[in-house]
>>> print(open('start-v2.cif').read())   # mmCIF, C-alpha atoms
data_structure
loop_
_atom_site.label_atom_id
_atom_site.label_comp_id
_atom_site.auth_asym_id
_atom_site.auth_seq_id
_atom_site.Cartn_x
_atom_site.Cartn_y
_atom_site.Cartn_z
CA MET A 15 20.00 21.56 -22.50
CA THR A 16 21.35 22.25 -19.05
CA PRO A 17 23.81 22.05 -17.55
CA ARG A 18 25.92 22.86 -20.58
CA TYR A 19 24.00 25.95 -21.54
CA PRO A 20 25.69 28.15 -24.14
CA LYS A 21 28.16 30.79 -23.07
CA TRP A 22 26.77 34.30 -22.85
CA GLN A 23 28.80 37.10 -24.38
CA PRO A 24 28.14 40.85 -24.24
CA GLY A 25 25.74 41.77 -26.98
CA ASP A 26 23.85 38.47 -26.90
CA PRO A 27 20.15 38.45 -26.04
CA LYS A 28 19.15 37.33 -22.57
CA HIS A 29 19.58 33.60 -22.32
CA ARG A 30 16.54 31.59 -21.34
CA ILE A 31 16.44 27.97 -20.25
CA PHE A 32 13.10 26.27 -20.73
CA PHE A 33 13.86 22.86 -19.28
CA PRO A 34 16.35 23.19 -16.45
CA GLU A 35 17.79 19.84 -15.47
CA PHE A 36 19.24 21.11 -12.20
CA TRP A 37 18.24 19.60 -8.88
CA MET A 38 18.57 20.86 -5.34
CA ARG A 39 17.91 19.33 -1.97
CA ILE A 40 17.78 20.82 1.50
CA MET A 41 20.31 19.45 3.96
CA ARG A 42 20.55 19.62 7.69
CA PRO A 43 23.11 22.08 9.00
CA GLN A 44 26.32 20.40 10.06
CA GLU A 45 26.82 19.74 13.76
CA ASN A 46 30.13 21.56 13.96
CA ARG A 47 28.82 24.50 11.98
CA PRO A 48 25.58 26.02 13.32
CA LEU A 49 23.87 28.45 11.00
CA ARG A 50 22.12 31.75 11.36
CA PRO A 51 18.30 31.57 11.27
CA ASN A 52 18.04 32.98 7.77
CA VAL A 53 20.50 30.56 6.21
CA VAL A 54 19.56 27.31 4.49
CA ARG A 55 22.00 24.62 3.50
CA PHE A 56 21.42 23.01 0.12
CA GLU A 57 23.10 20.34 -1.88
CA CYS A 58 22.85 21.00 -5.58
CA HIS A 59 23.98 19.82 -8.98
CA ILE A 60 27.70 20.35 -9.19
CA GLU A 61 27.52 22.45 -12.34
CA MET A 62 25.24 25.13 -10.85
CA THR A 63 26.63 28.60 -10.37
CA LYS A 64 25.63 31.06 -7.66
CA ASN A 65 23.51 33.01 -10.10
CA ASP A 66 21.86 29.78 -11.23
CA ILE A 67 20.94 28.87 -7.66
CA LYS A 68 19.59 32.33 -6.95
CA GLN A 69 17.39 32.38 -10.03
CA TYR A 70 16.30 28.79 -9.49
CA LEU A 71 14.97 29.56 -6.03
CA GLU A 72 13.49 32.89 -6.91
CA LYS A 73 11.69 31.80 -10.04
CA ILE A 74 10.62 28.24 -9.31
CA TYR A 75 10.14 28.30 -5.55
CA LYS A 76 9.49 32.05 -5.10
CA VAL A 77 11.99 32.32 -2.29
CA GLU A 78 13.80 35.65 -2.06
CA THR A 79 17.51 35.36 -1.56
CA LEU A 80 20.11 37.84 -0.48
CA ASP A 81 23.25 35.93 -1.23
CA VAL A 82 24.54 32.48 -2.09
CA THR A 83 27.86 30.90 -1.19
CA THR A 84 28.90 27.62 -2.72
CA ILE A 85 31.52 25.09 -1.83
CA ILE A 86 32.55 21.90 -3.57
CA GLN A 87 33.43 18.97 -1.38
CA GLN A 88 35.56 16.39 -3.12
CA GLY A 89 34.38 12.84 -2.78
CA LYS A 90 36.52 10.32 -1.02
CA GLU A 91 38.79 8.37 -3.35
CA ASN A 92 38.44 4.81 -2.14
CA ARG A 93 41.68 3.01 -2.66
CA HIS A 94 42.48 -0.67 -2.83
CA PRO A 95 44.06 -1.78 0.48
CA ILE A 96 47.07 -3.38 -1.19
CA THR A 97 47.70 -1.82 -4.56
CA SER A 98 46.35 1.61 -3.43
CA GLU A 99 44.69 1.98 -6.78
CA ILE A 100 41.63 4.22 -6.85
CA ILE A 101 38.52 2.04 -6.99
CA ASP A 102 35.01 3.45 -7.01
CA PRO A 103 35.63 7.07 -6.07
CA ASP A 104 32.76 8.92 -4.39
CA PRO A 105 31.23 11.69 -6.49
CA ASP A 106 32.04 15.32 -5.74
CA LYS A 107 29.30 17.30 -4.04
CA LYS A 108 28.41 20.96 -4.15
CA PHE A 109 26.86 22.62 -1.14
CA ALA A 110 25.21 26.01 -1.20
CA TYR A 111 24.48 28.26 1.74
CA VAL A 112 21.57 30.48 0.80
CA PHE A 113 20.87 33.65 2.76
CA LEU A 114 17.14 34.37 2.80
CA LYS A 115 15.58 37.80 2.70
CA ASN A 116 12.99 38.63 5.40
CA GLU A 117 12.57 34.96 6.27
CA THR A 118 13.80 32.49 8.80
CA PHE A 119 14.12 28.79 8.21
CA ASP A 120 14.54 26.08 10.78
CA TYR A 121 15.07 22.50 9.60
CA PRO A 122 11.63 20.99 10.28
CA ASP A 123 10.90 18.07 12.52
CA LEU A 124 8.85 15.90 10.17
CA TRP A 125 8.80 12.85 12.37
CA ARG A 126 7.01 14.28 15.44
CA GLY A 127 8.54 11.72 17.73
CA LYS A 128 7.49 8.68 15.71
CA MET A 129 9.88 6.74 13.55
CA PRO A 130 8.84 4.26 10.85
CA SER A 131 10.91 1.59 12.51
CA ASP A 132 9.01 2.06 15.83
CA GLU A 133 6.34 -0.40 14.75
CA LEU A 134 8.89 -3.04 13.98
CA LEU A 135 10.50 -2.51 17.38
CA ARG A 136 7.11 -2.80 19.08
CA ASP A 137 6.44 -6.09 17.29
CA GLU A 138 9.82 -7.38 18.32
CA ARG A 139 9.19 -6.44 21.93
CA ARG A 140 5.81 -8.14 21.87
CA MET A 141 7.39 -11.32 20.53
CA VAL A 142 10.07 -11.20 23.18
CA SER A 143 7.54 -10.71 26.01
CA ALA A 144 5.37 -13.57 24.73
CA THR A 145 8.29 -15.97 24.61
CA SER A 146 9.46 -14.87 28.05
CA LYS A 147 5.99 -15.55 29.49
CA GLN A 148 6.04 -19.03 27.98
CA ASN A 149 9.49 -19.66 29.33
CA ALA A 150 8.44 -18.49 32.81
CA GLN A 151 5.76 -21.18 32.91
CA LEU A 152 8.07 -23.92 31.70
CA ILE A 153 11.12 -23.18 33.78
CA HIS A 154 9.54 -24.25 37.11
CA ARG A 155 8.47 -27.63 35.73
CA PRO A 156 11.07 -28.87 33.32
CA GLY A 157 10.20 -32.04 31.51
CA ILE A 158 6.39 -31.59 31.60
CA SER A 159 4.69 -30.60 28.30
CA ASN A 160 2.42 -27.65 27.75
CA TRP A 161 -0.81 -29.62 27.46
CA PHE A 162 -0.47 -31.19 30.87
CA ARG A 163 -1.83 -28.29 32.93
CA MET B 289 -33.65 14.67 -19.87
CA ASN B 290 -30.65 14.02 -17.88
CA LEU B 291 -28.28 16.89 -18.27
CA LEU B 292 -24.57 16.61 -17.94
CA LYS B 293 -22.98 19.59 -16.35
CA ILE B 294 -19.53 20.28 -17.55
CA ILE B 295 -17.66 22.54 -15.26
CA HIS B 296 -14.41 24.23 -15.99
CA CYS B 297 -12.47 24.80 -12.89
CA THR B 298 -8.95 25.75 -12.09
CA ILE B 299 -7.37 23.64 -9.43
CA ASN B 300 -5.12 25.19 -6.81
CA PRO B 301 -2.15 26.45 -8.84
CA GLN B 302 0.45 25.05 -6.52
CA LYS B 303 -0.88 21.57 -7.08
CA TYR B 304 -1.62 21.43 -10.78
CA SER B 305 0.14 24.54 -12.08
CA PHE B 306 -2.76 26.37 -13.72
CA ILE B 307 -4.09 23.45 -15.72
CA PRO B 308 -7.89 23.47 -16.14
CA VAL B 309 -9.70 20.21 -15.53
CA ARG B 310 -13.10 19.43 -16.92
CA ILE B 311 -15.34 17.50 -14.57
CA CYS B 312 -18.46 15.78 -15.90
CA LEU B 313 -21.20 15.62 -13.34
CA GLY B 314 -23.83 13.11 -14.16
CA TYR B 315 -25.26 10.04 -12.56
CA MET B 316 -22.40 8.79 -10.45
CA ARG B 317 -20.11 8.95 -13.43
CA GLN B 318 -16.42 8.72 -13.07
CA ILE B 319 -14.43 11.89 -13.29
CA ARG B 320 -13.02 11.88 -16.78
CA LEU B 321 -10.05 13.93 -17.76
CA GLN B 322 -9.56 15.10 -21.31
CA THR B 323 -6.51 14.13 -23.29
CA THR B 324 -5.25 17.66 -23.18
CA ASP B 325 -5.22 17.53 -19.41
CA ILE B 326 -2.62 15.88 -17.30
CA PRO B 327 -3.68 12.57 -15.73
CA PRO B 328 -2.81 12.08 -12.08
CA LYS B 329 0.91 11.91 -11.61
CA GLU B 330 2.68 9.79 -9.05
CA ASN B 331 1.91 10.95 -5.52
CA SER B 332 -0.57 13.49 -6.78
CA SER B 333 -2.84 12.89 -3.83
CA ASP B 334 0.01 13.23 -1.38
CA ASP B 335 1.14 16.62 -2.54
CA VAL B 336 2.44 18.84 0.19
CA SER B 337 0.82 22.11 -0.73
CA THR B 338 -2.81 20.92 -0.72
CA LYS B 339 -2.87 18.81 2.41
CA VAL B 340 -0.84 21.13 4.58
CA LYS B 341 -1.98 24.76 4.62
CA PRO B 342 -0.45 26.38 7.63
CA THR B 343 -0.45 30.06 8.32
CA LYS B 344 3.21 30.93 7.94
CA GLN B 345 4.89 28.16 6.01
CA SER B 346 7.62 29.21 3.72
CA ASN B 347 7.85 27.99 0.18
CA LEU B 348 10.85 25.97 1.21
CA MET B 349 8.46 23.45 2.76
CA GLU B 350 7.77 22.33 -0.79
CA PHE B 351 11.03 20.45 -0.52
CA PHE B 352 9.57 18.19 2.15
CA ASP B 353 6.91 15.53 2.26
CA THR B 354 4.60 16.18 5.23
CA THR B 355 1.96 13.54 4.52
CA GLU B 356 1.33 10.20 6.22
CA ASN B 357 3.59 8.47 3.71
CA LEU B 358 6.57 9.09 5.97
CA TYR B 359 5.87 6.14 8.23
CA GLU B 360 5.11 3.58 5.58
CA SER B 361 7.62 1.10 4.31
CA LYS B 362 6.18 0.92 0.80
CA ILE B 363 4.43 3.75 -0.98
CA ILE B 364 1.93 3.09 -3.77
CA HIS B 365 2.70 5.28 -6.74
CA GLY B 366 2.07 5.36 -10.47
CA ARG B 367 4.37 4.68 -13.37
CA TRP B 368 6.48 7.08 -15.37
CA TRP B 369 5.22 9.03 -18.35
CA TYR B 370 5.53 7.14 -21.63
CA ILE B 371 6.75 8.96 -24.72
CA ASP B 372 3.51 8.14 -26.57
CA GLU B 373 1.48 9.86 -23.88
CA LEU B 374 3.72 12.90 -23.91
CA ARG B 375 3.48 13.24 -27.67
CA LEU B 376 -0.20 14.02 -27.27
CA LYS B 377 0.47 17.00 -25.02
CA SER B 378 0.88 20.57 -26.14
CA ASN B 379 4.12 22.43 -25.59
CA GLU B 380 2.67 24.44 -22.72
CA ASP B 381 1.50 21.29 -20.96
CA LEU B 382 4.93 19.73 -21.36
CA HIS B 383 6.57 22.84 -19.98
CA LYS B 384 4.32 22.83 -16.93
CA LEU B 385 4.75 19.10 -16.41
CA TRP B 386 8.49 19.57 -16.47
CA TYR B 387 8.36 21.87 -13.45
CA VAL B 388 5.95 19.59 -11.61
CA LEU B 389 8.40 16.74 -12.10
CA LEU B 390 11.32 18.93 -11.14
CA LYS B 391 9.78 19.89 -7.81
CA GLU B 392 8.83 16.28 -7.17
CA ARG B 393 12.37 15.15 -7.82
CA ASN B 394 13.77 17.74 -5.42
CA ARG B 395 11.28 16.65 -2.81
CA LEU B 396 12.21 12.99 -3.15
CA LEU B 397 15.89 13.79 -2.95
CA THR B 398 15.49 15.80 0.27
CA MET B 399 13.44 13.00 1.79
CA GLU B 400 16.06 10.47 0.79
CA GLU B 401 18.68 12.50 2.64
CA GLU B 402 16.41 12.85 5.66
CA TYR B 403 15.81 9.11 5.87
CA ARG B 404 19.51 8.49 5.50
CA HIS B 405 20.22 10.84 8.37
CA GLN B 406 17.73 9.05 10.60
CA HIS B 407 19.23 5.68 9.63
CA GLU B 408 15.93 4.56 8.14
CA LEU B 409 15.11 2.86 4.87
CA PHE B 410 13.82 5.21 2.20
CA PRO B 411 10.48 3.75 1.01
CA SER B 412 10.14 3.07 -2.73
CA PRO B 413 13.33 4.69 -4.04
CA GLU B 414 12.28 3.83 -7.60
CA ARG B 415 10.13 6.95 -7.57
CA ILE B 416 13.19 9.07 -8.31
CA ASP B 417 14.10 6.91 -11.30
CA LYS B 418 10.57 7.13 -12.64
CA VAL B 419 10.55 10.91 -12.38
CA GLU B 420 13.92 11.13 -14.13
CA GLU B 421 12.71 8.80 -16.88
CA SER B 422 9.66 10.99 -17.45
CA MET B 423 11.87 14.07 -17.68
CA ARG B 424 14.09 12.37 -20.22
CA ASN B 425 11.06 11.40 -22.27
CA ILE B 426 9.84 15.00 -22.26
CA LEU B 427 13.20 16.16 -23.61
CA SER B 428 13.16 13.57 -26.36
CA VAL B 429 9.65 14.65 -27.42
CA VAL B 430 10.77 18.28 -27.48
CA ARG B 431 13.77 17.29 -29.56
CA GLU B 432 11.57 15.44 -32.06
CA ARG B 433 9.31 18.44 -32.42
CA ASP B 434 12.30 20.71 -32.90
CA MET B 435 13.70 18.50 -35.64
CA ALA B 436 10.34 18.34 -37.40
CA TYR B 437 10.01 22.11 -37.27
CA ASN B 438 13.49 22.61 -38.69
CA LEU B 439 12.86 20.11 -41.47
CA LEU B 440 9.70 21.91 -42.47
CA GLU B 441 11.23 25.36 -42.35
CA THR B 442 14.74 24.80 -43.59
CA GLY B 443 14.83 21.28 -44.98
CA LYS B 444 17.50 20.23 -42.51
CA THR B 445 17.39 18.97 -38.96
CA GLY B 446 18.99 21.35 -36.53
CA GLU B 447 21.17 18.57 -35.19
CA GLN B 448 24.91 18.63 -35.34
CA THR B 449 26.68 16.57 -37.97
CA PRO B 450 29.50 14.59 -36.46
CA GLN B 451 32.73 15.14 -38.33
CA ILE B 452 35.06 12.33 -39.22
CA ARG B 453 38.57 13.07 -38.09
CA GLU B 454 41.73 11.03 -38.39
CA THR B 455 43.57 10.70 -35.11
CA SER B 456 47.32 10.42 -34.75
CA PHE B 457 46.97 6.63 -34.60
CA GLY B 458 45.52 6.63 -38.07
CA LEU B 459 42.07 5.65 -36.86
CA LEU B 460 38.98 7.50 -37.96
CA ARG B 461 36.77 8.83 -35.24
CA TYR B 462 33.55 10.81 -35.08
CA TYR B 463 33.94 14.25 -33.54
CA LYS B 464 30.98 16.28 -32.25
CA PRO B 465 31.65 20.00 -32.39
CA LYS B 466 30.97 21.64 -29.03
CA GLU B 467 30.94 25.18 -27.82
CA ARG B 468 33.90 25.70 -25.55
CA ILE B 469 34.86 28.68 -23.45
CA VAL B 470 38.60 28.36 -23.95
CA PRO B 471 39.83 28.69 -27.55
CA PHE B 472 41.54 25.67 -29.06
CA TYR B 473 45.04 27.08 -29.11
CA LYS B 474 44.88 27.48 -25.29
CA ASN B 475 42.73 24.46 -24.45
CA ARG B 476 45.00 21.83 -22.98
CA TYR B 477 42.38 19.09 -22.84
CA TYR B 478 41.38 19.63 -26.45
CA GLN B 479 45.00 19.61 -27.55
CA LEU B 480 45.53 16.27 -25.84
CA LEU B 481 42.53 14.75 -27.59
CA TRP B 482 42.57 16.39 -30.99
CA GLY B 483 45.81 18.32 -31.23
CA LYS B 484 47.94 15.91 -33.21
CA ARG B 485 45.83 14.62 -36.03
CA LYS B 486 48.32 13.75 -38.67
CA ALA B 487 48.89 10.02 -38.93
CA GLU B 488 52.61 9.39 -39.17
CA ALA B 489 54.35 6.77 -41.29
CA TRP B 490 54.71 4.15 -38.58
CA THR B 491 50.95 3.83 -38.27
CA SER B 492 50.45 2.53 -41.81
CA ILE B 493 51.20 -1.12 -41.03
CA PHE B 494 48.85 -1.10 -38.06
CA LYS B 495 46.16 0.60 -40.09
CA ARG B 496 46.50 -2.10 -42.71
CA ARG B 497 46.21 -4.94 -40.25
CA TYR B 498 43.28 -3.31 -38.47
CA ASN B 499 41.46 -2.85 -41.78
CA GLU B 500 42.10 -6.50 -42.65
CA PHE B 501 40.64 -7.60 -39.36
CA GLN B 502 37.59 -5.41 -39.81
CA GLU B 503 36.97 -6.61 -43.33
CA HIS B 504 37.31 -10.21 -42.23
CA GLN B 505 34.66 -9.64 -39.55
CA GLU B 506 32.38 -7.98 -42.06
CA HIS B 507 32.88 -10.86 -44.47
CA GLN B 508 31.95 -13.41 -41.83
CA GLU B 509 28.79 -11.52 -40.95
CA THR B 510 27.69 -11.17 -44.58
CA ASN B 511 28.28 -14.87 -45.21
CA ARG B 512 26.27 -15.78 -42.17
CA ILE B 513 23.41 -13.58 -43.26
CA ARG B 514 23.68 -14.84 -46.82
CA LYS B 515 23.15 -18.42 -45.65
CA ILE B 516 20.11 -17.40 -43.64
CA VAL B 517 18.69 -15.50 -46.60
CA ALA B 518 19.32 -18.52 -48.89
CA ASN B 519 17.28 -20.68 -46.52
CA VAL B 520 14.52 -18.12 -46.46
CA ILE B 521 14.39 -17.93 -50.25
CA GLN B 522 14.28 -21.70 -50.47
CA LYS B 523 11.30 -21.65 -48.16
CA TYR B 524 9.54 -18.76 -49.92
CA PRO B 525 10.46 -19.06 -53.63
CA HIS B 526 8.52 -15.94 -54.62
CA LEU B 527 11.36 -13.86 -53.11
CA ARG B 528 13.92 -15.10 -55.64
CA ASN B 529 13.98 -11.77 -57.47
CA GLU B 530 14.06 -9.68 -54.33
CA GLU B 531 17.20 -11.05 -52.80
CA GLY B 532 18.71 -7.61 -52.20
CA ARG B 533 15.75 -6.39 -50.24
CA VAL B 534 15.66 -9.51 -48.09
CA MET B 535 19.37 -9.15 -47.37
CA GLU B 536 18.86 -5.58 -46.19
CA ASP B 537 16.01 -6.67 -44.00
CA TYR B 538 18.04 -9.36 -42.31
CA LYS B 539 21.01 -7.08 -41.96
CA GLN B 540 18.84 -4.72 -40.00
CA ARG B 541 17.49 -7.52 -37.91
CA TYR B 542 20.91 -8.75 -36.90
CA ASP B 543 22.20 -5.23 -36.25
CA PHE B 544 24.78 -5.50 -38.94
CA GLU B 545 26.95 -2.40 -38.84
CA HIS B 546 29.83 -1.40 -40.98
CA TYR B 547 32.73 -1.86 -38.65
CA SER B 548 34.92 0.77 -40.19
CA ILE B 549 34.25 4.04 -41.92
CA PRO B 550 34.77 3.24 -45.61
CA LYS B 551 37.52 5.08 -47.43
CA ARG B 552 35.20 6.91 -49.75
CA LEU B 553 33.68 8.65 -46.74
CA ALA B 554 37.01 9.57 -45.24
CA ARG B 555 38.28 11.28 -48.37
CA ARG B 556 35.23 13.35 -49.18
CA PRO B 557 35.28 17.10 -48.47
CA LYS B 558 34.39 18.35 -45.02
CA LEU B 559 30.74 19.21 -44.47
CA ARG B 560 30.28 22.79 -43.45
CA ALA B 561 27.70 23.93 -40.95
CA HIS B 562 25.04 24.82 -43.51
CA GLN B 563 25.37 21.53 -45.37
CA THR B 564 23.65 18.87 -43.35
CA VAL B 565 22.47 15.57 -44.70
CA TRP B 566 23.45 13.02 -42.13
CA ASN B 567 20.56 10.65 -41.59
#
>>> encode(input="start-v2.cif", output="structure tokens")
Amino acid sequence: MTPRYPKWQPGDPKHRIFFPEFWMRIMRPQENRPLRPNVVRFECHIEMTKNDIKQYLEKIYKVETLDVTTIIQQGKENRHPITSEIIDPDPDKKFAYVFLKNETFDYPDLWRGKMPSDELLRDERRMVSATSKQNAQLIHRPGISNWFR
Amino acid sequence: MNLLKIIHCTINPQKYSFIPVRICLGYMRQIRLQTTDIPPKENSSDDVSTKVKPTKQSNLMEFFDTTENLYESKIIHGRWWYIDELRLKSNEDLHKLWYVLLKERNRLLTMEEEYRHQHELFPSPERIDKVEESMRNILSVVRERDMAYNLLETGKTGEQTPQIRETSFGLLRYYKPKERIVPFYKNRYYQLLWGKRKAEAWTSIFKRRYNEFQEHQEHQETNRIRKIVANVIQKYPHLRNEEGRVMEDYKQRYDFEHYSIPKRLARRPKLRAHQTVWN
């Protein structure tokens, strides 16, 4: 159905989409471009219009919006090093900056200081300390085995 | 006697989107859900809106996953919705399920981006594929129901009939009519694809050779199938009179297609929009 919904012309009844296939995801604001507190940065399906985004958020997520600005970022065309033929181009992306009404949004800190890889690091450190302890015992008496103590 | 209490209750709308669930209370019985209800979806217990109920959280937090699943390397989740299961659901249920899946997909996509930013591995990325598969299955069920409704009401499926058009190379191709914003006389892309449709004289020799090749292929396939069918009939002599039927059966089995559009189809008059008998 979406995204190729039929074209609306004056005189047509209001067009309704029952199964919207559009997706949106919240992105962090870029480092070189800090945002106002009531602005959220989204990445969305490339065929979404500003009106689409506004209605999507208002109707599905019940978030009131003032304004939406969109920008399409072309994906990098990855070229062959020798023939400079385009191989495996990156897909184009559409970013939307949504201005909220009577609301502020700050990108949340979901991790609360912990990272999922922290446990793996801790295990690694434990292994390293155990081996270093073993080595400390052996270094002073090279040539003698562990069981002779 | 031991009474079973059946309670109708509406679960928190943000979690199950206004779907009533019947709970049977008896002697330590399992909670049974009716077929009209939606069985637990993937990550149903780890939904954001039920576990986290802060005072001033905006609805945008529905894009994030704030449960304990963040720190795990592998998340246990269910499978996607099969088409047979979805066929049992009513249209309203399907509509509601669509939005549940939509929100879940958005949530997974935001989390994927977040993990990528933190240079971490996203746990169980197959969840996104499962959600998308379920959404595709819903659309196919809706399409089936639409076709059935149209057949009952009008005698024709509402599907488009692909036209056969001759391209400038003399080949026959199927063309699906689409609604376009730009009219054809201004549409550059359409002109490149379908502008010149008259096959010129130089194409006739190539057409001939191509047809020969196609017929040769068809011949080989039919001979191959004929040999198989002969063996089958030798084995089961009661099928001697039903050779045609057996041939058709084996043709289907070996995905035998007509390689080219036969001439009788190419020359027949164009089907107009109200005349549909395609399948």
>>> residues_near_point(input="start-v2.cif", point="(16.8, 10.9, 2.3)", cutoff="12 Å", atoms="all atoms listed in the file", output="MDAnalysis selection string")
(chainID A and resid 39:42) or (chainID B and resid 351:353 358 393:413 416)
>>> interface_residues(input="start-v2.cif", of="chain A", to="chain B", cutoff="9 Å", atoms="all atoms listed in the file", output="ChimeraX atom specification")
/A:15,20-21,32-42,74-77,117-119,122,124-125,128-131
>>> resolve_selection(input="start-v2.cif", expression="the PyMOL selection byres ((chain A and resi 92) around 9)", output="count of residues only")
11
>>> atom_distance(input="start-v2.cif", atom1="CA of Ile67 in chain A", atom2="CA of Pro51 in chain A")
19.3 Å
>>> resolve_selection(input="start-v2.cif", expression="the PyMOL selection byres ((chain A and resi 68) around 10)", output="list of chain:residue names")
A:Met62, A:Thr63, A:Lys64, A:Asn65, A:Asp66, A:Ile67, A:Gln69, A:Tyr70, A:Leu71, A:Glu72, A:Lys73, A:Val77, A:Glu78, A:Thr79, A:Leu80, A:Asp81, A:Val82, A:Val112, A:Phe113
>>> residues_around(input="start-v2.cif", residues="Phe109 in chain A", least_positions_apart="2", cutoff="8 Å", atoms="all atoms listed in the file", output="PyMOL selection string")
chain A and resi 55-58+84-87+107+111
>>> atom_distance(input="start-v2.cif", atom1="CA of Ala110 in chain A", atom2="CA of Thr83 in chain A")
5.6 Å
>>> resolve_selection(input="start-v2.cif", expression="the PyMOL selection byres ((chain B and resi 458) around 12)", output="compact mmCIF listing (two decimals) with C-alpha atoms, keeping the file's coordinate frame")
# COMPACT_ATOMS: atom_id res chain seq x y z
CA ILE B 452 35.06 12.33 -39.22
CA ARG B 453 38.57 13.07 -38.09
CA GLU B 454 41.73 11.03 -38.39
CA THR B 455 43.57 10.70 -35.11
CA SER B 456 47.32 10.42 -34.75
CA PHE B 457 46.97 6.63 -34.60
CA LEU B 459 42.07 5.65 -36.86
CA LEU B 460 38.98 7.50 -37.96
CA ARG B 461 36.77 8.83 -35.24
CA LYS B 484 47.94 15.91 -33.21
CA ARG B 485 45.83 14.62 -36.03
CA LYS B 486 48.32 13.75 -38.67
CA ALA B 487 48.89 10.02 -38.93
CA GLU B 488 52.61 9.39 -39.17
CA ALA B 489 54.35 6.77 -41.29
CA TRP B 490 54.71 4.15 -38.58
CA THR B 491 50.95 3.83 -38.27
CA SER B 492 50.45 2.53 -41.81
CA ILE B 493 51.20 -1.12 -41.03
CA PHE B 494 48.85 -1.10 -38.06
CA LYS B 495 46.16 0.60 -40.09
CA ARG B 496 46.50 -2.10 -42.71
CA ARG B 497 46.21 -4.94 -40.25
CA TYR B 498 43.28 -3.31 -38.47
CA ASN B 499 41.46 -2.85 -41.78
CA ALA B 554 37.01 9.57 -45.24
>>> atom_distance(input="start-v2.cif", atom1="CA of Val429 in chain B", atom2="CA of Arg375 in chain B")
6.3 Å
>>> decode(input="start-v2.cif", residues="range 24-70 of chain A", atoms="C-alpha atoms", output="PDB file, in the first residue's frame")
ATOM      1  CA  PRO A  24      -8.839  18.231  -5.544  1.00  0.00           C
ATOM      2  CA  GLY A  25     -12.298  16.797  -5.306  1.00  0.00           C
ATOM      3  CA  ASP A  26     -11.157  13.366  -4.106  1.00  0.00           C
ATOM      4  CA  PRO A  27     -12.273  12.107  -0.706  1.00  0.00           C
ATOM      5  CA  LYS A  28      -9.775  12.213   2.128  1.00  0.00           C
ATOM      6  CA  HIS A  29      -7.201   9.525   1.588  1.00  0.00           C
ATOM      7  CA  ARG A  30      -6.764   7.004   4.366  1.00  0.00           C
ATOM      8  CA  ILE A  31      -3.941   4.521   4.774  1.00  0.00           C
ATOM      9  CA  PHE A  32      -4.789   1.513   6.896  1.00  0.00           C
ATOM     10  CA  PHE A  33      -1.457  -0.289   6.883  1.00  0.00           C
ATOM     11  CA  PRO A  34       1.370   2.229   6.758  1.00  0.00           C
ATOM     12  CA  GLU A  35       4.662   0.581   5.933  1.00  0.00           C
ATOM     13  CA  PHE A  36       6.736   3.581   6.968  1.00  0.00           C
ATOM     14  CA  TRP A  37       9.367   3.322   9.668  1.00  0.00           C
ATOM     15  CA  MET A  38      11.120   5.933  11.745  1.00  0.00           C
ATOM     16  CA  ARG A  39      13.952   5.820  14.212  1.00  0.00           C
ATOM     17  CA  ILE A  40      15.310   8.399  16.620  1.00  0.00           C
ATOM     18  CA  MET A  41      18.913   9.420  16.058  1.00  0.00           C
ATOM     19  CA  ARG A  42      21.391  11.208  18.225  1.00  0.00           C
ATOM     20  CA  PRO A  43      21.972  14.833  17.295  1.00  0.00           C
ATOM     21  CA  GLN A  44      25.150  15.319  15.306  1.00  0.00           C
ATOM     22  CA  GLU A  45      28.219  16.546  17.158  1.00  0.00           C
ATOM     23  CA  ASN A  46      28.795  19.513  14.888  1.00  0.00           C
ATOM     24  CA  ARG A  47      25.139  20.477  14.960  1.00  0.00           C
ATOM     25  CA  PRO A  48      23.640  20.851  18.452  1.00  0.00           C
ATOM     26  CA  LEU A  49      19.883  21.085  18.565  1.00  0.00           C
ATOM     27  CA  ARG A  50      17.351  23.119  20.464  1.00  0.00           C
ATOM     28  CA  PRO A  51      15.649  21.283  23.352  1.00  0.00           C
ATOM     29  CA  ASN A  52      12.372  20.845  21.506  1.00  0.00           C
ATOM     30  CA  VAL A  53      13.907  19.320  18.389  1.00  0.00           C
ATOM     31  CA  VAL A  54      14.262  15.608  17.727  1.00  0.00           C
ATOM     32  CA  ARG A  55      16.318  14.099  14.964  1.00  0.00           C
ATOM     33  CA  PHE A  56      14.772  11.156  13.146  1.00  0.00           C
ATOM     34  CA  GLU A  57      15.799   8.923  10.343  1.00  0.00           C
ATOM     35  CA  CYS A  58      12.844   7.811   8.293  1.00  0.00           C
ATOM     36  CA  HIS A  59      11.812   5.941   5.181  1.00  0.00           C
ATOM     37  CA  ILE A  60      13.067   7.890   2.217  1.00  0.00           C
ATOM     38  CA  GLU A  61       9.652   8.187   0.592  1.00  0.00           C
ATOM     39  CA  MET A  62       8.012   9.961   3.544  1.00  0.00           C
ATOM     40  CA  THR A  63       6.905  13.535   3.098  1.00  0.00           C
ATOM     41  CA  LYS A  64       6.783  16.193   5.807  1.00  0.00           C
ATOM     42  CA  ASN A  65       3.040  15.822   6.117  1.00  0.00           C
ATOM     43  CA  ASP A  66       3.445  12.058   6.377  1.00  0.00           C
ATOM     44  CA  ILE A  67       5.927  12.414   9.229  1.00  0.00           C
ATOM     45  CA  LYS A  68       3.727  14.888  11.052  1.00  0.00           C
ATOM     46  CA  GLN A  69       0.654  12.694  10.842  1.00  0.00           C
ATOM     47  CA  TYR A  70       2.634   9.575  11.682  1.00  0.00           C
TER      48      TYR A  70
END
